[in-house]
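Heads up, the thing below is written out as C-alpha cells.
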Amino acid sequence: MADSQFSFDGLFAKNAPVAKEAPVVKRGKYDFAVAYPDPASLPLDGLLDGLKEAMAEEGGDLSLYAHQSGYSPLREFVAQKLARDSDIHVSADDIILGDGSGQPIHMICESLLDVGDVVLTEDFVYSGTLGQLRRFYADIRGVACDEDGMLPDSLEFEIKKAIGEGKKPKFIYTIPTFQNPQGWTATQARREAMLSLSHQYGVPILEDDCYVDLRYEGKSEPSIYSLDDTGSVMYTGSFSKIIAPGMRIGYMTAPKAVMDIARAVKSGGSVNQFASWAVHRYATGNLDEHIIEINNIQRGKRDAMVAALGENFGSAAEWTEPKGGLFVWLKMQEEADLQIIRDKVLETADVGYQSGPLFAPDGVSGKNYARLCFGYNTPADIHEGIARLADAFAKEGVLNV
C-alpha cells in the first residue's frame, strides 16, 4: 500500500477553471431562486406517448451513434419553427442540437474566445452565461440598460473603449426578449441600433432567445438575426422553458464559419437521442397549443407576484412588470445588501431568491437587487412567499414600508 496519496499539483492545465466542490443545494418551499416552469403543466403523457411512438418506429437506431449535429427530424422541426416564428430562414443542416442552450453557448465561447478577450453583455445578465465566459477567462464588460434594452450610447462607448485598449470585443452577448434577470424586451429600434454598431465596428452578436415563446401580452419584436443581412449574428434557443428543463434540448444556428468550428469543439457526439425523440414527436402537432396553455398559467403567476409585491413592499421598492418570461427584477434602496442576508432568509423564511451580484459581469454590483422567479410556485404560494420575503427583509432592516 502506498505511503501517501498521489498529488495532481502541477498537472492541471494552465487554463483549467478554478476548482469547486460539489454544491449543497437547498431549495425553499417558496422557490423564487431558479427559473423552473410550472411542474403541473409538464406534458408528461404527451412526451411518453411520443417516445413510445418513436421507439416503435426507430427503436433499433439506438444501436447507432446519431449524427453529431443531432436528430435530423428535430433539426428540421426547429428550422420550420424559426422560419415561422422568428423570420430566421435556415435549413436543418444549419442547426446543431445541444444540451439545453448552455452547450451551444459553450461551443461558441470555445470557438471564439482566447484568454483576456472582451465580451460585452447587459449590465445584469444570465449567471450561467457569465460562468461560461469566466471559464474561458473573458474580460466581461457590462453595458448600461433601461426598460427598452441596451443603451446604444453606452454600447458604443464600451466598444470604442475596448478598441482603444487594443482589445476589440469578440462579440456582444444579449438576451433581447424577456431578458434574464431584468425582464425587459428590447425594442426593434434598440435591436437595429445594436446591429448597426455591430456592423460599424465589426463586432458580432450572440442572440440568446430561449424565452421568446413565453409572451403573455404585447407584440413580438423581430429577432436580431432576422434583421441582419451580413452574417454577423449567432443564435441560440431552447425547449427547456416550453417543454421541460430536464429534457436538456437546445439548439444553435450561426454563419457557416462559426458552425464548422463549433462542430469541431462539440464534445460527446450527438445530443441525447432518447430525449430528442420524445421532444420531436410531442412538439410536432402539440407544441403550439401547449405554449398557449403554459402562457395562460404563467401570466396568472406573474400577476400574482406583481400584486403581492405591491401589497407587501409598497413604495419601499421598485420592480419590473414583465410582459413575458419568468423573472421579476426587484430593486431595494441603494444601501440594502440582499446578498449577505440571502441564506438567512432561505433558512428562516423558507424563501429562495438570487441576489444581483450573481448576474453582474463584475460579480459585485447590484447588492440591492434580487431576481424573483414566478414559474414554479402556485399563485397562492407566491402571495404567501412574497409576504414572508417582505417580513424577512423587514426583520433584517432592508425594508421599511
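The way I read the labels, and the way they are meant: chains A, B, ... in the order of the C-alpha cells, residue 1 as the first residue of every chain, and ligand 1 as the first ligand shown, with later ones counted on from there.
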
Which residues are near Glu311 of chain A? Cut-off 10 Å, only C-alpha atoms, ignore same chain within fewer than 6 positions. Put them as a list in words.
Met305, His383, Ile386, Ala387 and Ala390 of chain A

Can you tell me which residues surround Leu44 of chain A at a distance of at most 12 Å, considering only C-alpha atoms, apart from same-chain residues fewer than 2 positions away, and format the answer as a VMD selection string?
chain A and resid 39 to 42 46 to 51 243 to 244 246 to 247 278 to 279 282 290

Please write the residues from the selection above to a file, keeping N, CA and C atoms, as an mmCIF file, in the first residue's frame.
data_model
loop_
_atom_site.group_PDB
_atom_site.id
_atom_site.type_symbol
_atom_site.label_atom_id
_atom_site.label_comp_id
_atom_site.auth_asym_id
_atom_site.auth_seq_id
_atom_site.Cartn_x
_atom_site.Cartn_y
_atom_site.Cartn_z
ATOM 1 N N PRO A 39 -44.610 22.961 -12.718
ATOM 2 C CA PRO A 39 -44.476 21.494 -12.768
ATOM 3 C C PRO A 39 -45.746 20.771 -13.159
ATOM 4 N N ALA A 40 -46.914 21.333 -12.801
ATOM 5 C CA ALA A 40 -48.177 20.656 -13.109
ATOM 6 C C ALA A 40 -48.494 20.655 -14.593
ATOM 7 N N SER A 41 -47.874 21.578 -15.339
ATOM 8 C CA SER A 41 -48.191 21.682 -16.764
ATOM 9 C C SER A 41 -47.209 20.919 -17.654
ATOM 10 N N LEU A 42 -46.234 20.236 -17.067
ATOM 11 C CA LEU A 42 -45.304 19.467 -17.897
ATOM 12 C C LEU A 42 -46.077 18.410 -18.690
ATOM 13 N N GLY A 46 -47.830 13.294 -22.969
ATOM 14 C CA GLY A 46 -47.504 13.528 -24.371
ATOM 15 C C GLY A 46 -46.077 13.125 -24.705
ATOM 16 N N LEU A 47 -45.148 13.414 -23.803
ATOM 17 C CA LEU A 47 -43.758 13.017 -24.021
ATOM 18 C C LEU A 47 -43.626 11.501 -24.021
ATOM 19 N N LEU A 48 -44.321 10.849 -23.105
ATOM 20 C CA LEU A 48 -44.248 9.389 -23.043
ATOM 21 C C LEU A 48 -44.864 8.755 -24.288
ATOM 22 N N ASP A 49 -46.005 9.279 -24.732
ATOM 23 C CA ASP A 49 -46.625 8.761 -25.953
ATOM 24 C C ASP A 49 -45.711 8.964 -27.157
ATOM 25 N N GLY A 50 -45.089 10.157 -27.226
ATOM 26 C CA GLY A 50 -44.182 10.418 -28.331
ATOM 27 C C GLY A 50 -42.987 9.489 -28.322
ATOM 28 N N LEU A 51 -42.488 9.212 -27.131
ATOM 29 C CA LEU A 51 -41.339 8.320 -27.020
ATOM 30 C C LEU A 51 -41.717 6.895 -27.423
ATOM 31 N N ILE A 243 -41.003 23.066 -22.800
ATOM 32 C CA ILE A 243 -41.336 21.661 -22.580
ATOM 33 C C ILE A 243 -40.864 21.245 -21.184
ATOM 34 N N ALA A 244 -39.544 21.161 -20.982
ATOM 35 C CA ALA A 244 -39.047 20.814 -19.654
ATOM 36 C C ALA A 244 -37.533 20.992 -19.616
ATOM 37 N N GLY A 246 -35.474 19.425 -17.782
ATOM 38 C CA GLY A 246 -34.833 18.129 -17.636
ATOM 39 C C GLY A 246 -34.631 17.388 -18.946
ATOM 40 N N MET A 247 -35.275 17.830 -20.024
ATOM 41 C CA MET A 247 -35.057 17.200 -21.326
ATOM 42 C C MET A 247 -33.695 17.557 -21.893
ATOM 43 N N ALA A 278 -38.470 12.053 -27.968
ATOM 44 C CA ALA A 278 -39.636 12.465 -27.188
ATOM 45 C C ALA A 278 -40.043 13.898 -27.512
ATOM 46 N N VAL A 279 -39.060 14.795 -27.559
ATOM 47 C CA VAL A 279 -39.346 16.195 -27.849
ATOM 48 C C VAL A 279 -39.919 16.343 -29.257
ATOM 49 N N TYR A 282 -43.517 14.816 -29.563
ATOM 50 C CA TYR A 282 -44.501 15.614 -28.823
ATOM 51 C C TYR A 282 -44.693 16.980 -29.479
ATOM 52 N N HIS A 290 -49.616 23.763 -26.430
ATOM 53 C CA HIS A 290 -49.002 23.696 -25.098
ATOM 54 C C HIS A 290 -48.447 25.057 -24.680
#

Between atom CA of Gly325 of chain A and atom CA of Gly231 of chain A, what is the distance, to one decimal in Å?
27.6 Å

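Within the 10 Å cut-off around segment 6-23 of chain A, using only C-alpha atoms and omitting residues fewer than 2 positions from it on the same chain, the listed residues are Ala2, Asp3, Ser4, Val25, Lys26, Val115, Arg134, Arg135, Phe136 and Tyr137 of chain A.
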
Please save N, CA and C atoms of the selected residues as a short mmCIF file (atom, residue, chain, number, x, y, z; two decimals), in the first residue's frame.
data_model
loop_
_atom_site.label_atom_id
_atom_site.label_comp_id
_atom_site.auth_asym_id
_atom_site.auth_seq_id
_atom_site.Cartn_x
_atom_site.Cartn_y
_atom_site.Cartn_z
N ALA A 2 0.53 2.25 -0.82
CA ALA A 2 1.35 3.46 -0.92
C ALA A 2 1.38 4.21 0.40
N ASP A 3 2.50 4.85 0.68
CA ASP A 3 2.66 5.61 1.92
C ASP A 3 1.90 6.92 1.89
N SER A 4 1.66 7.47 0.69
CA SER A 4 0.97 8.75 0.59
C SER A 4 0.11 8.78 -0.67
N VAL A 25 -27.27 21.94 -2.47
CA VAL A 25 -28.41 22.70 -2.97
C VAL A 25 -29.57 22.59 -2.00
N LYS A 26 -30.01 23.73 -1.49
CA LYS A 26 -31.19 23.78 -0.62
C LYS A 26 -32.24 24.66 -1.27
N VAL A 115 -7.96 33.82 -23.87
CA VAL A 115 -7.85 34.43 -22.55
C VAL A 115 -7.73 35.95 -22.67
N ARG A 134 -16.49 33.25 -17.95
CA ARG A 134 -15.39 33.20 -16.99
C ARG A 134 -14.56 31.93 -17.16
N ARG A 135 -15.22 30.85 -17.55
CA ARG A 135 -14.49 29.60 -17.81
C ARG A 135 -13.40 29.82 -18.85
N PHE A 136 -13.65 30.69 -19.81
CA PHE A 136 -12.66 30.96 -20.85
C PHE A 136 -11.87 32.24 -20.57
N TYR A 137 -11.97 32.72 -19.33
CA TYR A 137 -11.19 33.88 -18.86
C TYR A 137 -11.40 35.11 -19.74
#

Taking only C-alpha atoms into account, which of A:Ser226, A:Asp117, A:Pro245, A:Ser127 comes nearest Ala162 of chain A?
A:Asp117

From a DSSP pass on the backbone, collect the residues of segment 102-298 of chain A flagged as helix (DSSP H, G or I) and hand them back as number ranges by chain.
A: 102-112, 127-135, 152-164, 188-201, 224-227, 245-247, 256-265, 273-298

Kindly assemble as CSV a list of the segment 13-105 of chain A residues that lie within 7 Å of segment 340-363 of chain A, each paired with its nearest atom pair and their distance in Å to one decimal, using only C-alpha atoms, sorted first by chain and then by ascending residue number.
residue,atom,partner,partner_atom,distance
A:Arg27,CA,A:Gly352,CA,6.7
A:Gly28,CA,A:Asp350,CA,4.6
A:Lys29,CA,A:Asp350,CA,5.6
A:Tyr30,CA,A:Val351,CA,4.7
A:Asp31,CA,A:Gly352,CA,4.9
A:Phe32,CA,A:Tyr353,CA,5.0
A:Ala33,CA,A:Tyr353,CA,3.8

What lies within 10 Å of segment 164-167 of chain A using only C-alpha atoms, ignoring chain neighbours under 2 positions off, as a PyMOL selection string?
chain A and resi 116-119+139+158-162+169-170

Mind the document's chain letters and residue numbers, and return as a list of chain:residue names the residues of segment 172-312 of chain A that DSSP labels strand (DSSP E).
A:Ile172, A:Tyr173, A:Thr174, A:Ile205, A:Leu206, A:Glu207, A:Asp208, A:Val233, A:Met234, A:Tyr235, A:Thr236, A:Gly237, A:Ser238, A:Gly250, A:Tyr251, A:Met252, A:Thr253

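Comparing the minimum interatomic distances between Ile163 of chain A and each of A:Phe124, A:Met332, A:Val203, A:Ala186, counting only C-alpha atoms, we find that A:Val203 sits nearest.
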
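Using only C-alpha atoms, the smallest distance between any of A:Gly310, A:Gly385, A:Pro104, A:Pro204 and Cys373 of chain A comes from A:Gly385.
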
Atom CA of Leu97 of chain A to atom CA of Phe327 of chain A measures 25.8 Å
